[in-house]
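Engineer: This is the content of structure_27.txt (compact mmCIF, C-alpha atoms and all ligand atoms):
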```txt
# COMPACT_ATOMS: atom_id res chain seq x y z
CA TRP G 1 111.45 90.51 73.10
CA ASN G 2 109.09 93.47 72.95
CA SER G 3 109.35 96.43 70.59
CA TRP G 4 108.21 99.22 72.93
CA ASN G 5 111.24 100.21 75.06
CA THR G 6 113.46 100.97 72.11
CA PHE G 7 111.19 101.66 69.18
CA GLY G 8 107.92 103.03 70.59
CA THR G 9 105.51 103.18 67.65
CA ASP G 10 108.36 103.49 65.12
CA ILE G 11 108.13 99.86 63.98
CA SER G 12 107.92 98.09 60.62
CA GLU G 13 107.86 94.67 59.05
CA SER G 14 111.54 94.78 58.11
CA LEU G 15 112.56 95.82 61.63
CA ILE G 16 110.46 93.12 63.29
CA CYS G 17 111.76 90.43 60.91
CA ARG G 18 115.34 91.51 61.63
CA MET G 19 114.68 91.17 65.37
CA ALA G 20 113.24 87.70 64.79
CA ASP G 21 116.39 86.73 62.85
CA ILE G 22 118.64 87.86 65.70
CA LEU G 23 116.55 86.22 68.42
CA ALA G 24 116.73 82.94 66.54
CA SER G 25 120.35 83.04 65.42
CA GLU G 26 122.30 84.73 68.22
CA GLY G 27 121.55 82.49 71.18
CA TYR G 28 118.48 84.28 72.58
CA LEU G 29 115.91 81.68 71.54
CA GLU G 30 118.19 78.92 72.75
CA ALA G 31 118.41 80.66 76.15
CA GLY G 32 114.60 80.75 76.36
CA TYR G 33 113.56 84.06 74.77
CA ASP G 34 110.96 82.38 72.60
CA THR G 35 108.36 85.11 72.01
CA LEU G 36 108.51 88.28 69.93
CA VAL G 37 105.86 90.86 70.82
CA VAL G 38 104.93 93.77 68.56
CA ASP G 39 103.72 96.47 70.93
CA ASP G 40 101.49 99.48 70.20
CA GLY G 41 101.65 101.23 66.84
CA TRP G 42 101.16 98.33 64.44
CA GLN G 43 97.54 99.32 63.73
CA SER G 44 95.93 101.60 61.19
CA ALA G 45 94.48 104.81 62.65
CA ALA G 46 90.90 103.55 62.24
CA ARG G 47 89.04 100.25 62.02
CA THR G 48 88.06 98.97 58.59
CA ALA G 49 84.53 99.71 57.35
CA ASP G 50 83.40 96.32 58.62
CA GLY G 51 84.87 96.89 62.07
CA HIS G 52 88.21 95.06 62.06
CA LEU G 53 91.62 96.17 63.24
CA SER G 54 94.11 96.25 60.42
CA ALA G 55 97.85 96.76 60.14
CA ASP G 56 99.27 100.16 59.20
CA PRO G 57 99.74 99.75 55.42
CA VAL G 58 103.02 101.66 55.37
CA LYS G 59 104.67 99.95 58.35
CA PHE G 60 103.29 96.47 57.68
CA PRO G 61 102.29 96.38 53.99
CA ARG G 62 101.70 92.61 53.97
CA GLY G 63 99.58 92.62 57.15
CA MET G 64 100.22 90.98 60.51
CA LYS G 65 99.70 87.40 59.37
CA ALA G 66 102.75 87.72 57.11
CA VAL G 67 104.78 88.97 60.08
CA ALA G 68 103.48 86.17 62.31
CA ASP G 69 104.37 83.61 59.62
CA TYR G 70 107.90 84.99 59.39
CA VAL G 71 108.32 84.96 63.17
CA HIS G 72 106.97 81.40 63.37
CA GLY G 73 109.37 80.44 60.59
CA ARG G 74 112.22 81.44 62.90
CA GLY G 75 110.91 79.07 65.59
CA LEU G 76 109.47 81.87 67.70
CA LYS G 77 106.02 82.68 69.05
CA PHE G 78 104.33 85.86 67.92
CA GLY G 79 102.74 88.45 70.20
CA ILE G 80 100.65 91.51 69.52
CA TYR G 81 99.23 94.45 71.48
CA SER G 82 95.80 95.91 72.05
CA ALA G 83 93.99 97.71 74.85
CA ALA G 84 90.76 97.35 76.81
CA GLY G 85 89.69 100.96 76.23
CA VAL G 86 88.29 102.71 73.16
CA GLU G 87 91.84 103.69 72.21
CA THR G 88 95.24 102.20 72.97
CA CYS G 89 97.74 104.14 75.05
CA ALA G 90 99.31 105.57 71.88
CA GLY G 91 95.89 106.53 70.47
CA TYR G 92 95.14 103.69 68.03
CA PRO G 93 91.74 101.96 68.01
CA GLY G 94 91.20 99.91 71.18
CA SER G 95 89.31 96.65 71.57
CA PHE G 96 86.49 97.93 73.81
CA GLY G 97 83.27 96.49 72.38
CA HIS G 98 85.20 94.57 69.70
CA GLU G 99 86.76 91.87 71.85
CA PHE G 100 85.37 88.84 70.02
CA THR G 101 86.13 90.23 66.55
CA ASP G 102 89.68 91.14 67.54
CA ALA G 103 90.43 87.86 69.30
CA ARG G 104 89.18 85.92 66.26
CA ASP G 105 91.37 88.03 63.95
CA PHE G 106 94.41 87.63 66.22
CA ALA G 107 93.92 83.86 66.20
CA ALA G 108 93.53 83.82 62.41
CA TRP G 109 96.78 85.75 62.05
CA GLY G 110 98.61 83.23 64.27
CA VAL G 111 98.99 85.35 67.38
CA ASP G 112 100.32 83.41 70.40
CA TYR G 113 100.45 86.23 72.97
CA LEU G 114 98.31 89.30 73.59
CA LYS G 115 99.50 92.25 75.66
CA TYR G 116 96.24 93.91 76.72
CA ASP G 117 96.77 97.42 77.99
CA LEU G 118 94.53 99.87 79.84
CA CYS G 119 94.09 103.40 78.51
CA HIS G 120 91.10 105.50 77.39
CA PHE G 121 88.71 103.26 79.26
CA PRO G 122 85.14 104.54 79.39
CA GLY G 123 84.20 105.88 82.81
CA SER G 124 80.92 103.99 82.59
CA GLY G 125 82.68 100.68 81.93
CA ASN G 126 83.95 98.05 84.32
CA ILE G 127 87.63 97.21 83.92
CA GLN G 128 87.44 93.76 85.47
CA SER G 129 84.60 92.62 83.25
CA ALA G 130 86.35 94.06 80.17
CA TYR G 131 89.41 91.93 80.96
CA LEU G 132 87.15 88.93 81.51
CA THR G 133 85.41 89.57 78.18
CA MET G 134 88.72 89.56 76.29
CA SER G 135 89.71 86.43 78.19
CA MET G 136 86.52 84.70 77.04
CA ALA G 137 87.06 85.97 73.50
CA LEU G 138 90.58 84.50 73.48
CA LYS G 139 89.33 81.19 74.91
CA CYS G 140 86.73 81.06 72.13
CA SER G 141 89.22 81.98 69.40
CA GLY G 142 90.37 78.43 68.78
CA ARG G 143 94.00 79.22 69.61
CA ASP G 144 96.01 79.08 72.82
CA ILE G 145 97.01 82.67 73.40
CA VAL G 146 99.05 83.88 76.38
CA TYR G 147 97.07 86.74 77.90
CA SER G 148 99.01 89.57 79.48
CA GLY G 149 96.90 91.83 81.71
CA ALA G 150 98.95 94.99 81.30
CA THR G 151 97.05 97.47 83.43
CA CYS G 152 100.13 99.44 84.55
CA GLY G 153 99.50 98.33 88.12
CA GLU G 154 96.10 100.04 88.00
CA GLY G 155 93.99 99.72 91.15
CA ASP G 156 93.41 96.24 92.42
CA ALA G 157 93.89 94.48 89.06
CA LYS G 158 96.55 92.19 90.52
CA LEU G 159 93.94 90.74 92.87
CA TRP G 160 91.63 89.54 90.09
CA MET G 161 93.88 89.07 87.03
CA ARG G 162 94.48 85.40 87.74
CA SER G 163 90.78 84.70 88.21
CA VAL G 164 89.80 86.30 84.89
CA GLY G 165 92.24 83.99 83.11
CA ALA G 166 95.20 86.29 82.48
CA HIS G 167 98.73 84.86 82.58
CA LEU G 168 100.50 88.06 83.60
CA TYR G 169 99.53 90.95 85.84
CA ARG G 170 101.44 94.18 85.46
CA THR G 171 102.60 95.67 88.77
CA THR G 172 103.96 99.02 87.63
CA GLY G 173 103.85 101.91 85.19
CA ASP G 174 106.41 102.15 82.39
CA ILE G 175 110.05 101.38 83.07
CA GLN G 176 112.79 103.64 81.74
CA ASP G 177 116.43 103.06 81.04
CA SER G 178 117.94 104.41 84.26
CA PHE G 179 118.88 102.86 87.57
CA ALA G 180 116.40 105.11 89.39
CA SER G 181 113.56 103.67 87.32
CA VAL G 182 114.76 100.08 87.71
CA LYS G 183 114.97 100.58 91.47
CA ARG G 184 111.47 102.09 91.63
CA HIS G 185 110.04 99.13 89.71
CA ALA G 186 111.92 96.60 91.83
CA VAL G 187 110.91 98.11 95.16
CA PHE G 188 107.35 98.88 94.12
CA SER G 189 106.76 95.31 92.93
CA LEU G 190 108.08 93.66 96.11
CA ASP G 191 104.74 93.73 97.88
CA ASP G 192 102.86 92.46 94.81
CA LEU G 193 104.81 89.25 94.29
CA GLY G 194 102.83 87.02 96.63
CA LEU G 195 100.20 86.34 93.96
CA SER G 196 102.79 85.38 91.33
CA ALA G 197 102.78 81.65 90.65
CA PRO G 198 102.45 79.15 87.81
CA GLY G 199 99.51 80.19 85.66
CA CYS G 200 99.73 83.93 86.36
CA PHE G 201 102.91 85.88 86.98
CA ALA G 202 103.74 89.37 88.21
CA ASP G 203 105.05 91.65 85.45
CA PRO G 204 107.22 94.54 86.64
CA ASP G 205 107.65 95.54 82.94
CA MET G 206 110.19 94.79 80.24
CA LEU G 207 113.94 94.73 80.79
CA VAL G 208 116.05 97.75 79.90
CA VAL G 209 119.28 95.69 79.91
CA GLY G 210 121.41 96.64 76.91
CA MET G 211 119.58 99.84 75.95
CA ARG G 212 122.57 101.93 77.02
CA GLY G 213 120.64 105.16 77.00
CA LYS G 214 119.17 104.76 73.52
CA GLY G 215 115.58 104.39 72.33
CA TYR G 216 112.05 105.39 73.27
CA ALA G 217 112.41 104.64 77.00
CA ALA G 218 115.85 106.29 77.18
CA ASP G 219 116.62 107.92 80.51
CA GLY G 220 120.39 108.19 80.73
CA GLY G 221 121.16 104.47 80.62
CA CYS G 222 122.79 102.17 83.16
CA THR G 223 126.23 100.68 83.70
CA ALA G 224 126.74 96.95 83.07
CA GLU G 225 126.86 96.45 86.86
CA GLU G 226 123.47 98.17 87.20
CA TYR G 227 121.97 96.12 84.38
CA LEU G 228 123.12 92.95 86.15
CA THR G 229 121.38 94.10 89.34
CA HIS G 230 118.19 94.77 87.33
CA PHE G 231 118.34 91.38 85.63
CA GLY G 232 119.20 89.60 88.89
CA ILE G 233 116.21 91.09 90.71
CA TRP G 234 113.79 90.12 87.90
CA CYS G 235 115.23 86.57 88.04
CA MET G 236 114.86 86.39 91.84
CA TYR G 237 111.25 87.54 91.38
CA SER G 238 110.61 84.72 88.84
CA VAL G 239 108.89 87.18 86.52
CA PRO G 240 108.80 87.13 82.71
CA LEU G 241 112.09 88.23 81.11
CA MET G 242 111.25 90.42 78.13
CA ILE G 243 114.15 92.09 76.37
CA GLY G 244 113.45 95.68 75.37
CA ALA G 245 116.78 96.65 73.80
CA ASP G 246 117.67 96.93 70.12
CA LEU G 247 119.03 93.44 69.48
CA ARG G 248 121.30 94.80 66.73
CA ALA G 249 123.17 96.92 69.23
CA ILE G 250 123.47 94.94 72.48
CA ASP G 251 127.09 95.06 73.66
CA ALA G 252 128.98 91.99 74.82
CA ASP G 253 128.64 92.74 78.56
CA CYS G 254 124.87 93.10 78.32
CA LYS G 255 124.46 90.09 76.08
CA LYS G 256 126.33 88.05 78.67
CA ILE G 257 123.87 89.23 81.32
CA LEU G 258 120.81 88.41 79.20
CA LEU G 259 122.16 84.96 78.36
CA ASN G 260 123.33 84.05 81.89
CA LYS G 261 122.04 80.48 82.11
CA ASN G 262 122.38 80.28 85.90
CA LEU G 263 120.24 83.35 86.49
CA ILE G 264 117.69 82.34 83.86
CA ALA G 265 117.41 78.98 85.62
CA ILE G 266 116.58 80.81 88.87
CA ASP G 267 113.93 82.83 87.05
CA GLN G 268 112.47 79.73 85.42
CA ASP G 269 112.68 77.51 88.51
CA GLU G 270 109.92 74.94 88.39
CA GLU G 271 108.29 76.08 91.65
CA CYS G 272 108.37 79.74 90.54
CA ARG G 273 108.22 80.99 94.09
CA PRO G 274 108.51 84.70 94.74
CA PRO G 275 111.46 85.43 97.03
CA TYR G 276 111.21 85.77 100.76
CA PHE G 277 112.06 89.29 101.87
CA GLU G 278 113.05 89.70 105.49
CA LYS G 279 111.37 92.97 106.40
CA ARG G 280 112.05 92.90 110.11
CA SER G 281 115.79 92.55 109.98
CA ARG G 282 117.72 95.74 110.55
CA TYR G 283 120.22 94.43 108.03
CA SER G 284 117.85 94.19 105.09
CA ASN G 285 115.61 96.94 103.83
CA LYS G 286 114.28 97.98 100.47
CA GLU G 287 117.55 99.76 99.68
CA LYS G 288 119.86 97.03 100.92
CA LEU G 289 117.77 94.26 99.53
CA ILE G 290 118.45 90.69 100.66
CA LEU G 291 116.21 88.05 99.10
CA LEU G 292 115.91 84.33 99.71
CA LYS G 293 114.24 82.29 97.01
CA ILE G 294 113.24 78.71 97.64
CA LEU G 295 114.01 76.58 94.60
CA GLU G 296 112.93 73.17 93.46
CA GLY G 297 115.08 70.31 94.81
CA ASN G 298 115.85 71.68 98.29
CA ARG G 299 118.03 74.42 96.90
CA PHE G 300 117.90 78.14 97.47
CA ALA G 301 119.04 81.33 95.84
CA ILE G 302 120.20 84.24 97.98
CA GLY G 303 120.51 87.65 96.37
CA PHE G 304 122.21 90.74 97.81
CA PHE G 305 121.35 93.99 96.03
CA ASN G 306 122.87 97.30 97.03
CA LEU G 307 120.30 99.76 95.70
CA THR G 308 121.75 102.64 97.74
CA ASP G 309 123.97 105.27 96.16
CA ASN G 310 126.94 104.33 98.35
CA ASP G 311 129.31 101.38 98.39
CA GLY G 312 128.77 99.30 101.50
CA ALA G 313 128.28 95.96 103.21
CA LEU G 314 125.13 93.87 103.33
CA HIS G 315 124.73 91.36 106.15
CA ALA G 316 122.45 88.35 106.00
CA TYR G 317 121.64 86.66 109.27
CA PHE G 318 120.58 83.14 108.42
CA SER G 319 118.16 83.06 111.35
CA ASP G 320 116.17 85.59 109.32
CA MET G 321 116.04 82.96 106.59
CA GLY G 322 114.79 80.13 108.76
CA LEU G 323 118.24 78.69 109.48
CA PRO G 324 119.20 79.74 113.03
CA VAL G 325 122.64 78.94 114.32
CA TYR G 326 121.25 76.28 116.75
CA SER G 327 120.17 74.23 113.72
CA GLY G 328 123.85 73.41 113.31
CA ARG G 329 123.44 73.95 109.59
CA GLY G 330 124.88 76.47 107.20
CA PHE G 331 124.62 77.50 103.58
CA ARG G 332 127.16 76.49 100.95
CA LEU G 333 127.21 79.40 98.54
CA LYS G 334 128.10 79.39 94.87
CA ASP G 335 128.28 82.67 92.97
CA LEU G 336 125.87 82.40 90.05
CA VAL G 337 127.72 84.96 87.95
CA THR G 338 131.38 84.02 88.48
CA GLY G 339 130.78 80.34 89.28
CA GLU G 340 133.00 80.63 92.37
CA ASP G 341 132.23 78.37 95.34
CA VAL G 342 132.65 80.61 98.39
CA GLY G 343 132.32 77.76 100.90
CA VAL G 344 129.98 76.93 103.76
CA HIS G 345 128.87 79.73 106.06
CA ARG G 346 126.99 79.43 109.33
CA ASP G 347 124.97 82.04 111.18
CA PHE G 348 125.62 84.92 108.80
CA PHE G 349 127.21 86.05 105.57
CA SER G 350 128.38 89.55 104.66
CA VAL G 351 129.21 90.92 101.30
CA ARG G 352 130.68 94.27 100.30
CA LEU G 353 129.07 95.73 97.24
CA ASN G 354 129.67 98.77 95.08
CA ARG G 355 126.71 101.11 94.81
CA HIS G 356 123.97 99.53 92.65
CA ALA G 357 125.83 96.20 92.48
CA CYS G 358 124.69 92.72 93.43
CA LYS G 359 125.78 89.19 94.30
CA ILE G 360 123.53 86.22 93.76
CA TYR G 361 124.34 82.80 95.16
CA LEU G 362 122.97 79.34 94.75
CA ALA G 363 122.71 77.97 98.30
CA THR G 364 122.47 74.46 99.58
CA VAL G 365 122.19 73.55 103.26
CA GLU G 366 125.06 71.56 104.83
C1 LIG G 401 101.58 101.71 78.01
C2 LIG G 401 102.30 100.44 78.41
C3 LIG G 401 103.61 100.32 77.65
C4 LIG G 401 103.34 100.33 76.16
C5 LIG G 401 102.54 101.57 75.78
C6 LIG G 401 102.05 101.53 74.35
O1 LIG G 401 102.26 102.86 78.39
O2 LIG G 401 102.53 100.43 79.79
O3 LIG G 401 104.29 99.13 78.03
O4 LIG G 401 102.65 99.16 75.80
O5 LIG G 401 101.38 101.73 76.60
O6 LIG G 401 101.31 102.65 73.99
```
Translate the structure of the given file into structure tokens.

Structural biologist:
Amino acid sequence: WNSWNTFGTDISESLICRMADILASEGYLEAGYDTLVVDDGWQSAARTADGHLSADPVKFPRGMKAVADYVHGRGLKFGIYSAAGVETCAGYPGSFGHEFTDARDFAAWGVDYLKYDLCHFPGSGNIQSAYLTMSMALKCSGRDIVYSGATCGEGDAKLWMRSVGAHLYRTTGDIQDSFASVKRHAVFSLDDLGLSAPGCFADPDMLVVGMRGKGYAADGGCTAEEYLTHFGIWCMYSVPLMIGADLRAIDADCKKILLNKNLIAIDQDEECRPPYFEKRSRYSNKEKLILLKILEGNRFAIGFFNLTDNDGALHAYFSDMGLPVYSGRGFRLKDLVTGEDVGVHRDFFSVRLNRHACKIYLATVE
């Protein structure tokens, strides 16, 4: 869970502790949502006289270690935010030139995850070496800290994020709670997934599932069907699933999506392969998205996503997935949302989908 999508900088100790309670007690932690990240806005407006970052005394009167302790007490990992520039994106002090001090403080507070953003970066600086410096600072901090290289898809960062030791590389700008934004993020990230693998994963931004048009990243909201499509695409991409909604207000339909064990298992598949996207087929394009994901154990997931604004059919020709009709083989398909076994299909499979809807199947070859 990350505080930004719903709360922006309007965060506090009591709010964060409440979110930790809900993550731990309402099935989220059990489903795998094991990290709570406090995004931008936790800091005081200036560094202390001796050059340290400190928590805003009104929002977090007991400091960040107290918050980390509380979050750890709920069985969760604790994440925090900073940026590689002189200021963060919301204008708080950045870590440029203070990397080793900040990393040591984060470790002392019990931080397990750092989201490291890119704003207000000095023109004379070098972004890649700044990310490497923070990486070295974290490695020297004495604590294992997941390092999220959140450059908003800036330049060629995806090409070097893994090599500087980051565990996530952001592929996009900021997501908003509308289907148009979800679609933009999904389509934009498609070409950047090839570098996503164990050790360093693509990050097309936090989920908006369950926001229902409320909060900082509000943009009209989505229907439950649209949220399922959003969640299903992130799972097919095997990218980090970070809830951005107000956990106090997630409705039953959206909670069911976020806790869908079958889809989470696809996301967390051991091999973590990005999906195969058949670009040449006239039946699949970036609006009628058909994805094949190779899973551990000779299994596959096939996802059909109708991103167009019209209801319609999507056709998958299995030859486009490496299973031509002359192989004599077909796919047995099991719907990962309804659980329905839709039988063995050879050569092709078509599915009719409402606008913005999806179907995702577990496939085995027979
Ligand atoms: C950038 C990031 C967001 C969020 C804000 C905080 O816009 O992309 O995810 O962290 O900064 O200011």

Engineer: Per residue of chain G within 6 Å of ligand LIG 401 (chain G), record the nearest atom pair and its distance in Å to one decimal, counting only C-alpha atoms and all ligand atoms, with rows in chain order and ascending residue number, as CSV.

Structural biologist:
```
residue,atom,partner,partner_atom,distance
G:Trp4,CA,G:LIG401,C4,5.9
G:Asp39,CA,G:LIG401,O4,5.7
G:Asp40,CA,G:LIG401,C6,4.7
G:Cys89,CA,G:LIG401,O6,4.0
G:Ala90,CA,G:LIG401,O6,4.1
G:Cys152,CA,G:LIG401,O2,5.4
G:Gly173,CA,G:LIG401,O2,5.8
G:Asp174,CA,G:LIG401,O2,5.0
```

Engineer: So how many Å separate atom CA of Pro57 of chain G and atom CA of Phe100 of chain G, to one decimal?

Structural biologist: 23.2 Å

Engineer: Around the point (86.0, 101.9, 76.3) in the file's coordinates, collect all residues with an atom within 10 Å, using all atoms listed in the file, and return them as a count of residues only.

Structural biologist: 22

Engineer: Any chance you could tabulate, as JSON lines, the residues of segment 177-203 of chain G at most 12 Å from segment 307-330 of chain G with each one's nearest atom pair and distance in Å to one decimal, using all atoms listed in the file, in chain and rising number order?

Structural biologist:
```
{"residue": "G:Phe179", "atom": "CA", "partner": "G:Leu307", "partner_atom": "CA", "distance": 8.8}
{"residue": "G:Ala180", "atom": "CA", "partner": "G:Leu307", "partner_atom": "CA", "distance": 9.1}
{"residue": "G:Ser181", "atom": "CA", "partner": "G:Leu307", "partner_atom": "CA", "distance": 11.4}
{"residue": "G:Val182", "atom": "CA", "partner": "G:Leu307", "partner_atom": "CA", "distance": 9.7}
{"residue": "G:Lys183", "atom": "CA", "partner": "G:Leu307", "partner_atom": "CA", "distance": 6.9}
{"residue": "G:Arg184", "atom": "CA", "partner": "G:Leu307", "partner_atom": "CA", "distance": 10.0}
{"residue": "G:His185", "atom": "CA", "partner": "G:Leu307", "partner_atom": "CA", "distance": 11.9}
{"residue": "G:Ala186", "atom": "CA", "partner": "G:Leu307", "partner_atom": "CA", "distance": 9.8}
{"residue": "G:Val187", "atom": "CA", "partner": "G:Leu307", "partner_atom": "CA", "distance": 9.5}
```

Engineer: What is the distance between atom CA of Ile294 of chain G and atom CA of Ile266 of chain G, in Å to one decimal?

Structural biologist: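 Distance between the two atoms: 9.6 Å.
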
Engineer: So, counting only C-alpha atoms, which residue among G:Val342, G:Tyr216, G:Ala45, G:Leu29 is closest to Ile11 of chain G?

Structural biologist: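 Closest candidate: G:Tyr216.
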
Engineer: Just give me the residues with any atom within 10 Å of (124.2, 90.3, 78.5), file coordinates, counting all atoms listed in the file, written as a compact mmCIF listing (two decimals) with C-alpha atoms, in the frame of the given file.

Structural biologist:
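What landed in result.txt:
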```txt
# COMPACT_ATOMS: atom_id res chain seq x y z
CA VAL G 209 119.28 95.69 79.91
CA GLY G 210 121.41 96.64 76.91
CA ALA G 224 126.74 96.95 83.07
CA TYR G 227 121.97 96.12 84.38
CA LEU G 228 123.12 92.95 86.15
CA PHE G 231 118.34 91.38 85.63
CA ILE G 250 123.47 94.94 72.48
CA ASP G 251 127.09 95.06 73.66
CA ALA G 252 128.98 91.99 74.82
CA ASP G 253 128.64 92.74 78.56
CA CYS G 254 124.87 93.10 78.32
CA LYS G 255 124.46 90.09 76.08
CA LYS G 256 126.33 88.05 78.67
CA ILE G 257 123.87 89.23 81.32
CA LEU G 258 120.81 88.41 79.20
CA LEU G 259 122.16 84.96 78.36
CA ASN G 260 123.33 84.05 81.89
```

Engineer: Between atom CA of Thr223 of chain G and atom CA of Arg355 of chain G, what is the distance in Å, rounded to a tenth?

Structural biologist: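 One can read the atom CA of Thr223 of chain G to atom CA of Arg355 of chain G distance as 11.1 Å.
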
Engineer: Let me make sure I understand: among G:Leu36, G:Ile264, G:Leu159, G:Ala363, which one has the smallest atom-to-atom distance to Gln128 of chain G if we use all atoms listed in the file?

Structural biologist: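 The shortest atom-to-atom distance to Gln128 of chain G comes from G:Leu159.
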
Engineer: Any idea what's packed within 8 Å of segment 290-292 of chain G, counting all atoms listed in the file, ignoring anything in its chain fewer than 2 positions away? Could you give it as a list of chain:residue names?

Structural biologist: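 Counting only the stated atoms, we get G:Met236, G:Pro275, G:Tyr276, G:Phe277, G:Glu278, G:Ser284, G:Asn285, G:Lys288, G:Ile294, G:Phe300, G:Ala301, G:Ile302, G:Gly303, G:Phe304, G:Phe305, G:Leu314, G:Ala316, G:Met321.
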
Engineer: So that I can see what lies close to Glu13 of chain G, please list as an MDAnalysis selection string the residues with an atom at most 8 Å from it, counting all atoms listed in the file and leaving out residues fewer than 6 positions away in the same chain.

Structural biologist: chainID G and resid 59:61 67

Engineer: Please provide the set of residues having any atom within 12 Å of Asp105 of chain G, restricted to only C-alpha atoms, with same-chain residues fewer than 4 positions apart removed, written as a list in words.

Structural biologist: Gly51, His52, Leu53, Ser54, Ala55, Gly63, Met64, Lys65, Ile80, Ser95, His98, Glu99, Phe100, Thr101, Trp109, Gly110, Val111, Asp112, Leu114, Ala137, Leu138, Cys140, Ser141, Gly142 and Arg143 of chain G

Engineer: Could you write out that same residue set with C-alpha atoms as an mmCIF file, in the frame of the given file?

Structural biologist:
```
data_model
loop_
_atom_site.group_PDB
_atom_site.id
_atom_site.type_symbol
_atom_site.label_atom_id
_atom_site.label_comp_id
_atom_site.auth_asym_id
_atom_site.auth_seq_id
_atom_site.Cartn_x
_atom_site.Cartn_y
_atom_site.Cartn_z
ATOM 1 C CA GLY G 51 84.870 96.890 62.070
ATOM 2 C CA HIS G 52 88.210 95.060 62.060
ATOM 3 C CA LEU G 53 91.620 96.170 63.240
ATOM 4 C CA SER G 54 94.110 96.250 60.420
ATOM 5 C CA ALA G 55 97.850 96.760 60.140
ATOM 6 C CA GLY G 63 99.580 92.620 57.150
ATOM 7 C CA MET G 64 100.220 90.980 60.510
ATOM 8 C CA LYS G 65 99.700 87.400 59.370
ATOM 9 C CA ILE G 80 100.650 91.510 69.520
ATOM 10 C CA SER G 95 89.310 96.650 71.570
ATOM 11 C CA HIS G 98 85.200 94.570 69.700
ATOM 12 C CA GLU G 99 86.760 91.870 71.850
ATOM 13 C CA PHE G 100 85.370 88.840 70.020
ATOM 14 C CA THR G 101 86.130 90.230 66.550
ATOM 15 C CA TRP G 109 96.780 85.750 62.050
ATOM 16 C CA GLY G 110 98.610 83.230 64.270
ATOM 17 C CA VAL G 111 98.990 85.350 67.380
ATOM 18 C CA ASP G 112 100.320 83.410 70.400
ATOM 19 C CA LEU G 114 98.310 89.300 73.590
ATOM 20 C CA ALA G 137 87.060 85.970 73.500
ATOM 21 C CA LEU G 138 90.580 84.500 73.480
ATOM 22 C CA CYS G 140 86.730 81.060 72.130
ATOM 23 C CA SER G 141 89.220 81.980 69.400
ATOM 24 C CA GLY G 142 90.370 78.430 68.780
ATOM 25 C CA ARG G 143 94.000 79.220 69.610
#
```

Engineer: Considering all atoms listed in the file, return as a PDB file with C-alpha atoms, in the frame of the given file whatever protein or nucleic-acid residues lie within 9 Å of segment 156-158 of chain G, sequence-local ones (same chain, fewer than 5 positions apart) excluded.

Structural biologist:
```pdb
ATOM      1  CA  ILE G 127      87.630  97.210  83.920  1.00  0.00           C
ATOM      2  CA  GLN G 128      87.440  93.760  85.470  1.00  0.00           C
ATOM      3  CA  GLY G 149      96.900  91.830  81.710  1.00  0.00           C
ATOM      4  CA  THR G 151      97.050  97.470  83.430  1.00  0.00           C
ATOM      5  CA  LEU G 168     100.500  88.060  83.600  1.00  0.00           C
ATOM      6  CA  TYR G 169      99.530  90.950  85.840  1.00  0.00           C
ATOM      7  CA  ARG G 170     101.440  94.180  85.460  1.00  0.00           C
ATOM      8  CA  THR G 171     102.600  95.670  88.770  1.00  0.00           C
ATOM      9  CA  ASP G 192     102.860  92.460  94.810  1.00  0.00           C
ATOM     10  CA  LEU G 195     100.200  86.340  93.960  1.00  0.00           C
ATOM     11  CA  ALA G 202     103.740  89.370  88.210  1.00  0.00           C
TER      12      ALA G 202
END
```

Engineer: Please supply segment 222-228 of chain G, rebuilt with N, CA, C and O atoms, as a tab-separated table (two decimals), keeping the file's coordinate frame.

Structural biologist:
```
chain	number	residue	atom	x	y	z
G	222	CYS	N	122.22	102.78	81.96
G	222	CYS	CA	122.79	102.17	83.16
G	222	CYS	C	124.18	101.63	82.83
G	222	CYS	O	124.51	101.42	81.67
G	223	THR	N	124.96	101.37	83.89
G	223	THR	CA	126.23	100.68	83.70
G	223	THR	C	125.95	99.17	83.60
G	223	THR	O	124.85	98.72	83.98
G	224	ALA	N	126.93	98.41	83.16
G	224	ALA	CA	126.74	96.95	83.07
G	224	ALA	C	126.43	96.38	84.46
G	224	ALA	O	125.59	95.49	84.61
G	225	GLU	N	127.09	96.92	85.49
G	225	GLU	CA	126.86	96.45	86.86
G	225	GLU	C	125.39	96.69	87.27
G	225	GLU	O	124.75	95.85	87.90
G	226	GLU	N	124.87	97.84	86.87
G	226	GLU	CA	123.47	98.17	87.20
G	226	GLU	C	122.50	97.28	86.42
G	226	GLU	O	121.47	96.85	86.95
G	227	TYR	N	122.84	97.01	85.16
G	227	TYR	CA	121.97	96.12	84.38
G	227	TYR	C	121.95	94.71	84.99
G	227	TYR	O	120.92	94.04	84.98
G	228	LEU	N	123.09	94.28	85.52
G	228	LEU	CA	123.12	92.95	86.15
G	228	LEU	C	122.21	92.93	87.38
G	228	LEU	O	121.48	91.96	87.61
```
